[in-house]
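Next comes upload_0.pdb, a file with PDB, C-alpha atoms.
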```pdb
ATOM      1  CA  MET A   1       5.710  34.463  -2.457
ATOM      2  CA  THR A   2       5.011  33.390  -6.031
ATOM      3  CA  MET A   3       1.541  33.166  -7.467
ATOM      4  CA  ASP A   4       0.894  31.676 -10.853
ATOM      5  CA  PRO A   5      -2.488  32.431 -12.502
ATOM      6  CA  TYR A   6      -2.688  28.866 -13.839
ATOM      7  CA  ASN A   7      -2.143  27.362 -10.393
ATOM      8  CA  LEU A   8      -4.513  29.814  -8.727
ATOM      9  CA  THR A   9      -7.284  29.048 -11.230
ATOM     10  CA  LEU A  10      -6.966  25.303 -10.687
ATOM     11  CA  ILE A  11      -6.862  25.766  -6.899
ATOM     12  CA  LEU A  12     -10.080  27.796  -7.141
ATOM     13  CA  LEU A  13     -11.754  25.086  -9.258
ATOM     14  CA  VAL A  14     -10.748  22.300  -6.853
ATOM     15  CA  THR A  15     -12.021  24.439  -3.963
ATOM     16  CA  LEU A  16     -15.371  25.028  -5.672
ATOM     17  CA  ALA A  17     -15.803  21.369  -6.657
ATOM     18  CA  THR A  18     -15.027  20.215  -3.117
ATOM     19  CA  PHE A  19     -17.304  22.801  -1.502
ATOM     20  CA  ALA A  20     -20.035  21.853  -3.971
ATOM     21  CA  MET A  21     -19.912  18.244  -2.763
ATOM     22  CA  ARG A  22     -20.327  19.287   0.870
ATOM     23  CA  ALA A  23     -23.047  21.843   0.032
ATOM     24  CA  VAL A  24     -24.994  19.543  -2.298
ATOM     25  CA  GLY A  25     -25.188  17.056   0.540
ATOM     26  CA  ALA A  26     -26.616  19.603   2.946
ATOM     27  CA  ILE A  27     -29.053  21.145   0.446
ATOM     28  CA  VAL A  28     -30.134  18.473  -2.031
ATOM     29  CA  MET A  29     -29.263  15.037  -0.723
ATOM     30  CA  ALA A  30     -31.004  15.791   2.562
ATOM     31  CA  ARG A  31     -34.303  16.182   0.680
ATOM     32  CA  VAL A  32     -33.956  13.282  -1.753
ATOM     33  CA  GLU A  33     -34.879   9.726  -0.874
ATOM     34  CA  LEU A  34     -32.507   7.305  -2.584
ATOM     35  CA  GLY A  35     -33.802   3.948  -3.821
ATOM     36  CA  PRO A  36     -31.940   0.802  -2.737
ATOM     37  CA  VAL A  37     -29.913   0.536  -5.968
ATOM     38  CA  SER A  38     -28.774   4.183  -6.113
ATOM     39  CA  ALA A  39     -28.094   4.150  -2.355
ATOM     40  CA  ALA A  40     -25.854   1.096  -2.773
ATOM     41  CA  ALA A  41     -24.070   2.740  -5.711
ATOM     42  CA  PHE A  42     -23.474   5.894  -3.664
ATOM     43  CA  GLU A  43     -22.256   3.963  -0.661
ATOM     44  CA  ALA A  44     -19.772   2.096  -2.858
ATOM     45  CA  MET A  45     -18.258   5.361  -4.101
ATOM     46  CA  PRO A  46     -15.399   5.603  -1.551
ATOM     47  CA  VAL A  47     -14.190   2.035  -2.000
ATOM     48  CA  ALA A  48     -14.511   2.290  -5.789
ATOM     49  CA  VAL A  49     -12.564   5.552  -6.039
ATOM     50  CA  LEU A  50      -9.868   4.568  -3.546
ATOM     51  CA  THR A  51      -9.287   1.201  -5.220
ATOM     52  CA  ALA A  52      -9.146   2.830  -8.657
ATOM     53  CA  VAL A  53      -6.334   5.055  -7.365
ATOM     54  CA  ILE A  54      -4.443   2.358  -5.468
ATOM     55  CA  ALA A  55      -4.557  -0.658  -7.829
ATOM     56  CA  PRO A  56      -2.861   0.976 -10.861
ATOM     57  CA  ALA A  57      -0.296   2.782  -8.673
ATOM     58  CA  VAL A  58       0.661  -0.467  -6.963
ATOM     59  CA  LEU A  59       0.386  -2.952  -9.825
ATOM     60  CA  THR A  60       1.577  -1.140 -12.958
ATOM     61  CA  GLN A  61       4.718   0.670 -11.812
ATOM     62  CA  GLY A  62       7.131  -2.142 -11.038
ATOM     63  CA  LEU A  63       8.246  -4.657  -8.438
ATOM     64  CA  PRO A  64       9.227  -2.216  -5.614
ATOM     65  CA  GLU A  65       5.788  -0.550  -5.720
ATOM     66  CA  ALA A  66       3.976  -3.915  -5.904
ATOM     67  CA  ILE A  67       5.868  -5.332  -2.904
ATOM     68  CA  ALA A  68       5.490  -2.132  -0.855
ATOM     69  CA  GLY A  69       1.782  -1.886  -1.684
ATOM     70  CA  GLY A  70       1.181  -5.500  -0.693
ATOM     71  CA  ILE A  71       3.006  -5.086   2.604
ATOM     72  CA  ALA A  72       1.174  -1.820   3.341
ATOM     73  CA  VAL A  73      -2.187  -3.554   2.809
ATOM     74  CA  LEU A  74      -1.230  -6.409   5.155
ATOM     75  CA  VAL A  75       0.030  -3.984   7.809
ATOM     76  CA  GLY A  76      -3.116  -1.890   7.375
ATOM     77  CA  LEU A  77      -5.303  -4.806   8.473
ATOM     78  CA  ARG A  78      -4.118  -4.151  12.037
ATOM     79  CA  ALA A  79      -2.000  -0.990  12.266
ATOM     80  CA  PRO A  80      -3.168   2.647  12.493
ATOM     81  CA  THR A  81      -2.923   5.122   9.581
ATOM     82  CA  ALA A  82       0.432   6.681  10.488
ATOM     83  CA  VAL A  83       2.127   3.266  10.627
ATOM     84  CA  VAL A  84       0.721   2.277   7.216
ATOM     85  CA  ILE A  85       2.058   5.496   5.657
ATOM     86  CA  VAL A  86       5.539   5.049   7.127
ATOM     87  CA  VAL A  87       5.689   1.339   6.209
ATOM     88  CA  ALA A  88       4.620   2.092   2.608
ATOM     89  CA  MET A  89       7.310   4.764   2.167
ATOM     90  CA  ALA A  90      10.083   2.835   3.944
ATOM     91  CA  THR A  91       9.390  -0.400   2.043
ATOM     92  CA  VAL A  92       9.285   1.247  -1.370
ATOM     93  CA  ALA A  93      12.494   3.180  -0.606
ATOM     94  CA  ALA A  94      14.258  -0.024   0.524
ATOM     95  CA  MET A  95      12.993  -2.025  -2.461
ATOM     96  CA  ARG A  96      14.022   0.668  -4.943
ATOM     97  CA  HIS A  97      17.460   0.640  -3.362
ATOM     98  CA  LEU A  98      17.738  -3.167  -3.457
ATOM     99  CA  LEU A  99      16.124  -3.801  -6.849
ATOM    100  CA  GLY A 100      16.803  -0.554  -8.702
TER     101      GLY A 100
ATOM    102  CA  MET B   1     -16.005  25.444  33.146
ATOM    103  CA  THR B   2     -18.637  26.739  30.736
ATOM    104  CA  ALA B   3     -20.723  24.322  28.743
ATOM    105  CA  ARG B   4     -19.159  25.548  25.489
ATOM    106  CA  LYS B   5     -15.649  24.938  26.757
ATOM    107  CA  GLN B   6     -16.650  21.498  27.983
ATOM    108  CA  GLU B   7     -18.150  20.641  24.590
ATOM    109  CA  PHE B   8     -15.024  21.868  22.770
ATOM    110  CA  LEU B   9     -12.788  19.779  25.064
ATOM    111  CA  ASP B  10     -14.981  16.711  24.530
ATOM    112  CA  GLY B  11     -14.448  16.958  20.777
ATOM    113  CA  PHE B  12     -10.766  17.730  21.193
ATOM    114  CA  ARG B  13     -10.157  14.691  23.442
ATOM    115  CA  LEU B  14     -11.861  12.404  20.919
ATOM    116  CA  VAL B  15      -9.826  13.666  17.960
ATOM    117  CA  LEU B  16      -6.477  13.787  19.791
ATOM    118  CA  PRO B  17      -5.392  10.160  19.159
ATOM    119  CA  MET B  18      -6.239  10.559  15.446
ATOM    120  CA  LEU B  19      -4.086  13.602  14.779
ATOM    121  CA  VAL B  20      -1.042  11.584  13.657
ATOM    122  CA  ALA B  21      -2.839  10.946  10.371
ATOM    123  CA  PRO B  22      -3.369  14.621   9.372
ATOM    124  CA  ILE B  23       0.186  15.454  10.507
ATOM    125  CA  SER B  24       1.811  12.986   8.097
ATOM    126  CA  PHE B  25      -0.901  13.440   5.439
ATOM    127  CA  SER B  26      -0.526  17.246   5.363
ATOM    128  CA  PHE B  27       3.267  17.038   5.247
ATOM    129  CA  ILE B  28       3.143  14.732   2.206
ATOM    130  CA  THR B  29       0.492  16.925   0.558
ATOM    131  CA  GLY B  30       2.785  19.954   0.947
ATOM    132  CA  ALA B  31       5.844  18.087  -0.343
ATOM    133  CA  THR B  32       3.876  16.655  -3.290
ATOM    134  CA  SER B  33       2.369  20.051  -4.182
ATOM    135  CA  VAL B  34       5.822  21.634  -4.419
ATOM    136  CA  GLN B  35       7.159  18.648  -6.334
ATOM    137  CA  LYS B  36       4.325  19.177  -8.870
ATOM    138  CA  GLY B  37       5.287  22.828  -9.364
ATOM    139  CA  LEU B  38       3.211  24.807  -6.853
ATOM    140  CA  SER B  39       4.913  27.414  -4.695
ATOM    141  CA  ALA B  40       4.876  26.937  -0.916
ATOM    142  CA  PHE B  41       2.331  29.757  -0.686
ATOM    143  CA  GLU B  42       0.080  28.171  -3.315
ATOM    144  CA  ALA B  43       0.312  24.775  -1.635
ATOM    145  CA  THR B  44      -0.690  26.293   1.719
ATOM    146  CA  LEU B  45      -3.475  28.329   0.121
ATOM    147  CA  MET B  46      -4.817  25.169  -1.542
ATOM    148  CA  SER B  47      -4.886  23.295   1.770
ATOM    149  CA  ALA B  48      -6.549  26.226   3.523
ATOM    150  CA  SER B  49      -9.273  26.617   0.906
ATOM    151  CA  VAL B  50      -9.901  23.010  -0.228
ATOM    152  CA  PHE B  51      -9.305  21.252   3.130
ATOM    153  CA  ALA B  52      -9.641  17.716   1.708
ATOM    154  CA  GLY B  53      -6.367  15.844   1.221
ATOM    155  CA  GLY B  54      -7.457  13.010  -1.041
ATOM    156  CA  GLY B  55      -8.979  15.392  -3.579
ATOM    157  CA  GLN B  56      -5.948  17.691  -3.436
ATOM    158  CA  LEU B  57      -3.491  14.854  -4.123
ATOM    159  CA  LEU B  58      -5.633  13.359  -6.867
ATOM    160  CA  ALA B  59      -6.043  16.777  -8.521
ATOM    161  CA  LEU B  60      -2.262  17.264  -8.468
ATOM    162  CA  GLU B  61      -1.866  13.983 -10.370
ATOM    163  CA  VAL B  62      -3.665  15.542 -13.381
ATOM    164  CA  TRP B  63      -2.438  19.142 -12.861
ATOM    165  CA  TYR B  64      -0.670  19.434 -16.234
ATOM    166  CA  GLU B  65      -2.833  17.149 -18.391
ATOM    167  CA  PRO B  66      -4.698  18.723 -21.338
ATOM    168  CA  GLN B  67      -8.093  19.997 -20.139
ATOM    169  CA  ALA B  68      -6.707  20.090 -16.601
ATOM    170  CA  TRP B  69      -9.454  22.513 -15.534
ATOM    171  CA  LEU B  70     -12.006  19.735 -16.057
ATOM    172  CA  LEU B  71      -9.860  16.870 -14.792
ATOM    173  CA  VAL B  72      -9.008  18.534 -11.467
ATOM    174  CA  MET B  73     -12.712  19.072 -10.815
ATOM    175  CA  LEU B  74     -13.509  15.460 -11.753
ATOM    176  CA  ALA B  75     -10.741  14.335  -9.410
ATOM    177  CA  ALA B  76     -12.093  16.440  -6.547
ATOM    178  CA  ILE B  77     -15.680  15.388  -7.186
ATOM    179  CA  SER B  78     -15.001  11.666  -7.537
ATOM    180  CA  ILE B  79     -13.062  11.390  -4.296
ATOM    181  CA  ASN B  80     -15.108  13.923  -2.315
ATOM    182  CA  VAL B  81     -18.580  12.780  -3.305
ATOM    183  CA  ARG B  82     -18.642  10.981   0.037
ATOM    184  CA  PHE B  83     -18.961  14.444   1.647
ATOM    185  CA  ALA B  84     -22.369  14.798  -0.020
ATOM    186  CA  LEU B  85     -23.619  11.738   1.840
ATOM    187  CA  GLN B  86     -21.918  12.740   5.082
ATOM    188  CA  ALA B  87     -23.230  16.328   4.881
ATOM    189  CA  ALA B  88     -26.741  15.057   4.134
ATOM    190  CA  SER B  89     -26.644  12.972   7.275
ATOM    191  CA  VAL B  90     -24.984  15.568   9.516
ATOM    192  CA  GLN B  91     -27.338  18.308   8.294
ATOM    193  CA  ARG B  92     -30.270  16.620  10.066
ATOM    194  CA  LYS B  93     -28.371  16.684  13.373
ATOM    195  CA  ILE B  94     -27.363  20.362  13.289
ATOM    196  CA  ASN B  95     -30.677  22.042  12.461
ATOM    197  CA  HIS B  96     -30.553  23.893  15.792
ATOM    198  CA  PHE B  97     -27.275  25.694  14.831
ATOM    199  CA  THR B  98     -27.344  29.335  13.669
ATOM    200  CA  PRO B  99     -27.055  29.565   9.843
ATOM    201  CA  LEU B 100     -23.425  30.733  10.148
ATOM    202  CA  GLN B 101     -22.531  27.826  12.443
ATOM    203  CA  ARG B 102     -24.304  25.397  10.128
ATOM    204  CA  TRP B 103     -22.459  26.593   7.021
ATOM    205  CA  LEU B 104     -19.095  26.671   8.788
ATOM    206  CA  THR B 105     -19.693  23.059   9.821
ATOM    207  CA  ILE B 106     -20.738  21.963   6.319
ATOM    208  CA  ALA B 107     -17.906  23.838   4.549
ATOM    209  CA  SER B 108     -15.282  22.306   6.847
ATOM    210  CA  LEU B 109     -16.733  18.807   7.097
ATOM    211  CA  THR B 110     -14.136  16.040   7.446
ATOM    212  CA  ASP B 111     -14.355  12.289   7.898
ATOM    213  CA  PRO B 112     -13.592  12.492  11.671
ATOM    214  CA  ALA B 113     -16.030  15.399  12.253
ATOM    215  CA  TRP B 114     -18.741  13.485  10.459
ATOM    216  CA  GLY B 115     -18.036  10.140  12.115
ATOM    217  CA  MET B 116     -17.777  11.493  15.659
ATOM    218  CA  SER B 117     -20.894  13.649  15.279
ATOM    219  CA  GLU B 118     -22.861  10.574  14.203
ATOM    220  CA  VAL B 119     -21.668   8.695  17.301
ATOM    221  CA  ARG B 120     -22.272  11.689  19.608
ATOM    222  CA  HIS B 121     -25.796  12.060  18.261
ATOM    223  CA  LEU B 122     -26.649   8.572  19.556
ATOM    224  CA  SER B 123     -26.370   9.757  23.165
ATOM    225  CA  ARG B 124     -26.861  13.568  23.130
ATOM    226  CA  GLN B 125     -27.384  16.669  20.991
ATOM    227  CA  VAL B 126     -24.408  17.607  18.818
ATOM    228  CA  THR B 127     -23.223  21.191  19.421
ATOM    229  CA  PHE B 128     -21.222  23.585  17.250
ATOM    230  CA  TRP B 129     -18.535  23.699  19.949
ATOM    231  CA  PHE B 130     -18.187  19.937  20.009
ATOM    232  CA  ILE B 131     -17.616  19.843  16.232
ATOM    233  CA  SER B 132     -15.219  22.805  16.540
ATOM    234  CA  GLY B 133     -13.161  20.834  19.054
ATOM    235  CA  ILE B 134     -12.659  18.249  16.311
ATOM    236  CA  THR B 135     -12.309  20.522  13.279
ATOM    237  CA  VAL B 136     -10.119  23.365  14.604
ATOM    238  CA  PRO B 137      -7.084  21.196  15.502
ATOM    239  CA  ILE B 138      -7.374  19.277  12.214
ATOM    240  CA  TYR B 139      -7.589  22.515  10.213
ATOM    241  CA  LEU B 140      -4.585  24.105  11.942
ATOM    242  CA  ILE B 141      -2.500  20.947  11.486
ATOM    243  CA  TRP B 142      -3.631  20.685   7.894
ATOM    244  CA  VAL B 143      -2.599  24.230   6.926
ATOM    245  CA  PHE B 144       0.674  24.406   8.884
ATOM    246  CA  GLY B 145       1.615  20.792   8.050
ATOM    247  CA  THR B 146       1.212  21.588   4.346
ATOM    248  CA  LEU B 147       3.449  24.635   4.725
ATOM    249  CA  ALA B 148       6.068  22.556   6.568
ATOM    250  CA  GLY B 149       5.933  19.843   3.892
ATOM    251  CA  ALA B 150       6.164  22.442   1.119
ATOM    252  CA  LEU B 151       9.213  24.114   2.692
ATOM    253  CA  LEU B 152      11.070  20.991   3.817
ATOM    254  CA  GLY B 153      10.063  18.913   0.774
ATOM    255  CA  LYS B 154      12.065  21.329  -1.386
ATOM    256  CA  LEU B 155      15.246  20.438   0.492
ATOM    257  CA  ILE B 156      14.998  16.788  -0.512
ATOM    258  CA  ASP B 157      16.659  16.417  -3.904
ATOM    259  CA  ASP B 158      15.188  13.048  -4.904
ATOM    260  CA  PRO B 159      11.866  12.396  -3.120
ATOM    261  CA  ALA B 160      11.500   9.012  -4.881
ATOM    262  CA  LYS B 161      14.648   7.703  -3.172
ATOM    263  CA  LEU B 162      13.026   8.243   0.225
ATOM    264  CA  GLY B 163       9.728   6.825  -0.966
ATOM    265  CA  LEU B 164       7.986  10.170  -0.359
ATOM    266  CA  ASP B 165       5.980   9.855  -3.552
ATOM    267  CA  PHE B 166       4.608   6.535  -2.285
ATOM    268  CA  GLY B 167       3.394   8.079   0.987
ATOM    269  CA  PHE B 168       0.375   9.205  -0.988
ATOM    270  CA  ILE B 169      -0.473   5.571  -1.786
ATOM    271  CA  GLY B 170       0.113   4.624   1.868
ATOM    272  CA  ILE B 171      -2.472   7.234   2.854
ATOM    273  CA  PHE B 172      -4.975   5.920   0.337
ATOM    274  CA  ILE B 173      -4.463   2.330   1.512
ATOM    275  CA  ALA B 174      -5.056   3.415   5.116
ATOM    276  CA  LEU B 175      -8.167   5.374   4.057
ATOM    277  CA  ALA B 176      -9.493   2.402   2.090
ATOM    278  CA  MET B 177      -8.936  -0.195   4.807
ATOM    279  CA  PRO B 178     -12.177   0.285   6.797
ATOM    280  CA  PHE B 179     -14.152   0.281   3.523
ATOM    281  CA  TRP B 180     -12.440  -2.854   2.169
ATOM    282  CA  LYS B 181     -13.301  -4.698   5.393
ATOM    283  CA  ARG B 182     -17.034  -4.165   4.886
ATOM    284  CA  THR B 183     -19.151  -6.984   3.479
ATOM    285  CA  GLY B 184     -19.816  -6.631  -0.232
ATOM    286  CA  ALA B 185     -16.740  -4.473  -0.788
ATOM    287  CA  LEU B 186     -14.637  -7.150  -2.499
ATOM    288  CA  PRO B 187     -16.523  -7.371  -5.855
ATOM    289  CA  VAL B 188     -16.658  -3.558  -6.028
ATOM    290  CA  ALA B 189     -12.919  -3.294  -5.325
ATOM    291  CA  ILE B 190     -12.057  -5.966  -7.901
ATOM    292  CA  ALA B 191     -14.220  -4.327 -10.582
ATOM    293  CA  SER B 192     -12.858  -0.826 -10.008
ATOM    294  CA  GLY B 193      -9.239  -1.972  -9.555
ATOM    295  CA  ALA B 194      -9.204  -4.180 -12.660
ATOM    296  CA  VAL B 195     -10.928  -1.626 -14.897
ATOM    297  CA  ALA B 196      -8.700   1.187 -13.596
ATOM    298  CA  ILE B 197      -5.569  -0.844 -14.407
ATOM    299  CA  ALA B 198      -6.918  -1.715 -17.861
ATOM    300  CA  ALA B 199      -7.810   1.935 -18.540
ATOM    301  CA  LYS B 200      -4.388   3.118 -17.427
ATOM    302  CA  LEU B 201      -2.608   0.548 -19.613
ATOM    303  CA  ALA B 202      -4.902   1.499 -22.511
ATOM    304  CA  GLY B 203      -3.599   5.060 -22.276
ATOM    305  CA  PHE B 204      -6.304   6.936 -20.363
ATOM    306  CA  ALA B 205      -3.603   8.724 -18.383
ATOM    307  CA  ALA B 206      -5.819  11.095 -16.470
ATOM    308  CA  LEU B 207      -9.249   9.493 -16.582
ATOM    309  CA  TYR B 208      -8.407   5.986 -15.396
ATOM    310  CA  VAL B 209      -9.410   6.732 -11.778
ATOM    311  CA  PHE B 210     -12.790   7.994 -12.885
ATOM    312  CA  ILE B 211     -13.355   5.088 -15.312
ATOM    313  CA  GLY B 212     -12.342   2.494 -12.710
ATOM    314  CA  ALA B 213     -14.500   4.094 -10.031
ATOM    315  CA  MET B 214     -17.528   4.081 -12.326
ATOM    316  CA  ALA B 215     -17.020   0.342 -12.926
ATOM    317  CA  GLY B 216     -16.950  -0.234  -9.169
ATOM    318  CA  VAL B 217     -20.084   1.844  -8.629
ATOM    319  CA  ALA B 218     -21.842  -0.030 -11.461
ATOM    320  CA  MET B 219     -20.881  -3.323  -9.796
ATOM    321  CA  ALA B 220     -22.384  -2.134  -6.489
ATOM    322  CA  GLY B 221     -25.578  -1.072  -8.243
ATOM    323  CA  PHE B 222     -25.759  -4.392 -10.079
ATOM    324  CA  MET B 223     -25.332  -6.362  -6.848
ATOM    325  CA  ALA B 224     -28.025  -4.318  -5.088
ATOM    326  CA  HIS B 225     -30.354  -4.740  -8.053
ATOM    327  CA  ARG B 226     -29.870  -8.517  -8.044
ATOM    328  CA  GLN B 227     -30.430  -8.666  -4.295
ATOM    329  CA  ALA B 228     -33.633  -6.646  -4.588
ATOM    330  CA  LYS B 229     -34.876  -8.979  -7.336
ATOM    331  CA  ARG B 230     -34.036 -12.066  -5.316
ATOM    332  CA  ALA B 231     -35.954 -10.638  -2.357
ATOM    333  CA  GLN B 232     -39.050 -10.220  -4.554
ATOM    334  CA  THR B 233     -39.144 -13.750  -5.960
ATOM    335  CA  PRO B 234     -40.322 -16.237  -3.326
TER     336      PRO B 234
END
```

Would you mind giving the structure from this file in structure tokens?
Amino acid sequence: MTMDPYNLTLILLVTLATFAMRAVGAIVMARVELGPVSAAAFEAMPVAVLTAVIAPAVLTQGLPEAIAGGIAVLVGLRAPTAVVIVVAMATVAAMRHLLG
Amino acid sequence: MTARKQEFLDGFRLVLPMLVAPISFSFITGATSVQKGLSAFEATLMSASVFAGGGQLLALEVWYEPQAWLLVMLAAISINVRFALQAASVQRKINHFTPLQRWLTIASLTDPAWGMSEVRHLSRQVTFWFISGITVPIYLIWVFGTLAGALLGKLIDDPAKLGLDFGFIGIFIALAMPFWKRTGALPVAIASGAVAIAAKLAGFAALYVFIGAMAGVAMAGFMAHRQAKRAQTP
């Protein structure tokens, strides 16, 4: 059982930041009325963050990642989460083997 | 059967078909954590205390960047800010809970617990035991799945060969899918994706997610502003 002070500090900070998001919602956001523009901006947060993670990872790393990402998106239109995860990993592994 | 037990089973039955996602997600989170230099104990501790996979994985991406203490918090905040909206909405439906029950619910809020409580509320009062039926199995899977991933991930000598590193992106694509399908999502996705790519290529190694996301949020605000203006002018 190893514990590194650096790792433990960062784990604590991530825990606090995540708890703060949940708590702020229950305490503050419940009492604040959002205008239409700020409400739309807030609602767009998930899609904006997720796309900002996915697009660079898929499109700037190379051909295997681009092909696997594209296939995973197409599969995701119909298939459940677990299938998308497996397809993404299997395709990138196969493409790295074929192209790498 | 007592009412509490019935409520717990109701929640449990609803969450059962969804548990494949946390099983694979937690395993990858454990394997990734160890790959990034955490011990199996630290990886499991992180899952037990943070209990939000997207934020954990994103934080690990910037774990060793300069000013990591700030970047990991930005990572957690930017991907978990949705919990603020979900908690705000759930909070109104659980006012009848005891304070302890209410805070346990808020501190352990997940996408499924939020979504299913919203649906449940349409037909009847949401109870603490109903939410527990959803959250308890997810939490147990999350913690033990992370441990399993951390222990077994170590045995794999080259995770990239098996595509394990890309499982993280698979998870994010699956998470994004219902949001991408919504009307109005496309311009936001294009703005955040394009700016994130540009920022990454420009050398913002750790901040590109945040910069891209802000561009997407600005696009959403701009679209709403334009729509509001159009509605005013006859």

On this structure, the ChimeraX specification (/B :<7) & /A would catch which residues? List them as a PyMOL selection string, sorted by chain and number. chain A and resi 1-3+7+10-11+13-15+17-19+21-26+29-30+36-38+40-41+44-56+72-73+76-77+81-82+84-85+88-90+92-93

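The residues returned by the PyMOL selection byres ((chain B and resi 116-119) around 10) for this structure are Gly11, Leu14, Val15, Gln86, Ser89, Val90, Lys93, Ile94, Asp111, Pro112, Ala113, Trp114, Gly115, Arg120, His121, Leu122, Ser123, Arg124, Gln125, Val126, Thr127, Phe130, Ile131 and Ile134 of chain B.
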
Only C-alpha atoms, please: the residues just picked out, written as a PDB file, keeping the file's coordinate frame.
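The result, written out as selection_35.pdb:
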```pdb
ATOM      1  CA  GLY B  11     -14.448  16.958  20.777  1.00  0.00           C
ATOM      2  CA  LEU B  14     -11.861  12.404  20.919  1.00  0.00           C
ATOM      3  CA  VAL B  15      -9.826  13.666  17.960  1.00  0.00           C
ATOM      4  CA  GLN B  86     -21.918  12.740   5.082  1.00  0.00           C
ATOM      5  CA  SER B  89     -26.644  12.972   7.275  1.00  0.00           C
ATOM      6  CA  VAL B  90     -24.984  15.568   9.516  1.00  0.00           C
ATOM      7  CA  LYS B  93     -28.371  16.684  13.373  1.00  0.00           C
ATOM      8  CA  ILE B  94     -27.363  20.362  13.289  1.00  0.00           C
ATOM      9  CA  ASP B 111     -14.355  12.289   7.898  1.00  0.00           C
ATOM     10  CA  PRO B 112     -13.592  12.492  11.671  1.00  0.00           C
ATOM     11  CA  ALA B 113     -16.030  15.399  12.253  1.00  0.00           C
ATOM     12  CA  TRP B 114     -18.741  13.485  10.459  1.00  0.00           C
ATOM     13  CA  GLY B 115     -18.036  10.140  12.115  1.00  0.00           C
ATOM     14  CA  ARG B 120     -22.272  11.689  19.608  1.00  0.00           C
ATOM     15  CA  HIS B 121     -25.796  12.060  18.261  1.00  0.00           C
ATOM     16  CA  LEU B 122     -26.649   8.572  19.556  1.00  0.00           C
ATOM     17  CA  SER B 123     -26.370   9.757  23.165  1.00  0.00           C
ATOM     18  CA  ARG B 124     -26.861  13.568  23.130  1.00  0.00           C
ATOM     19  CA  GLN B 125     -27.384  16.669  20.991  1.00  0.00           C
ATOM     20  CA  VAL B 126     -24.408  17.607  18.818  1.00  0.00           C
ATOM     21  CA  THR B 127     -23.223  21.191  19.421  1.00  0.00           C
ATOM     22  CA  PHE B 130     -18.187  19.937  20.009  1.00  0.00           C
ATOM     23  CA  ILE B 131     -17.616  19.843  16.232  1.00  0.00           C
ATOM     24  CA  ILE B 134     -12.659  18.249  16.311  1.00  0.00           C
TER      25      ILE B 134
END
```

Counting all atoms listed in the file, the residue among B:Lys229, B:Ser26, B:Asp10, B:Thr2 that lies closest to Ala150 of chain B is B:Ser26

Quote the spacing between atom CA of Val136 of chain B and atom CA of Thr9 of chain A in Å to one decimal place. 26.6 Å

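For the pair atom CA of Leu100 of chain B and atom CA of Thr135 of chain B, the separation is 15.4 Å.
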
Length of the atom CA of Val62 of chain B to atom CA of Phe204 of chain B vector [Å]: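 Distance reported for this atom pair: 11.4 Å.
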
For Met95 of chain A, list every protein, DNA or RNA residue within 8 Å, evaluated using only C-alpha atoms, and leave out those in the same chain fewer than 4 positions away; present the list as a PDB file with C-alpha atoms, in the coordinates of the input.
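Written output follows (part.pdb):
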```
ATOM      1  CA  PRO A  64       9.227  -2.216  -5.614  1.00  0.00           C
ATOM      2  CA  ILE A  67       5.868  -5.332  -2.904  1.00  0.00           C
ATOM      3  CA  ALA A  68       5.490  -2.132  -0.855  1.00  0.00           C
ATOM      4  CA  THR A  91       9.390  -0.400   2.043  1.00  0.00           C
ATOM      5  CA  LEU A  99      16.124  -3.801  -6.849  1.00  0.00           C
ATOM      6  CA  GLY A 100      16.803  -0.554  -8.702  1.00  0.00           C
TER       7      GLY A 100
END
```

Once you add 6 Å to each side, what are the centre and edge lengths of the axis-aligned box holding all listed atoms of segment 79-87 of chain A? One decimal in Å, as lines of an AutoDock Vina configuration file, if you can.
```
center_x = 1.3
center_y = 2.8
center_z = 9.1
size_x = 20.9
size_y = 19.7
size_z = 18.8
```

From the structure block, carefully write segment 76-91 of chain A out with C-alpha atoms; format it as a PDB file, in the first residue's frame.
```
ATOM      1  CA  GLY A  76     -22.756   5.145 -30.851  1.00  0.00           C
ATOM      2  CA  LEU A  77     -25.719   6.437 -32.862  1.00  0.00           C
ATOM      3  CA  ARG A  78     -27.442   3.108 -32.171  1.00  0.00           C
ATOM      4  CA  ALA A  79     -25.435   0.949 -29.754  1.00  0.00           C
ATOM      5  CA  PRO A  80     -25.312   1.136 -25.934  1.00  0.00           C
ATOM      6  CA  THR A  81     -22.325   2.535 -23.990  1.00  0.00           C
ATOM      7  CA  ALA A  82     -20.502  -0.752 -23.375  1.00  0.00           C
ATOM      8  CA  VAL A  83     -20.509  -1.599 -27.094  1.00  0.00           C
ATOM      9  CA  VAL A  84     -19.126   1.838 -28.021  1.00  0.00           C
ATOM     10  CA  ILE A  85     -16.262   1.432 -25.530  1.00  0.00           C
ATOM     11  CA  VAL A  86     -15.333  -2.035 -26.792  1.00  0.00           C
ATOM     12  CA  VAL A  87     -15.591  -1.006 -30.466  1.00  0.00           C
ATOM     13  CA  ALA A  88     -13.378   2.063 -29.858  1.00  0.00           C
ATOM     14  CA  MET A  89     -10.659  -0.001 -28.148  1.00  0.00           C
ATOM     15  CA  ALA A  90     -10.803  -2.940 -30.579  1.00  0.00           C
ATOM     16  CA  THR A  91     -10.721  -0.707 -33.672  1.00  0.00           C
TER      17      THR A  91
END
```
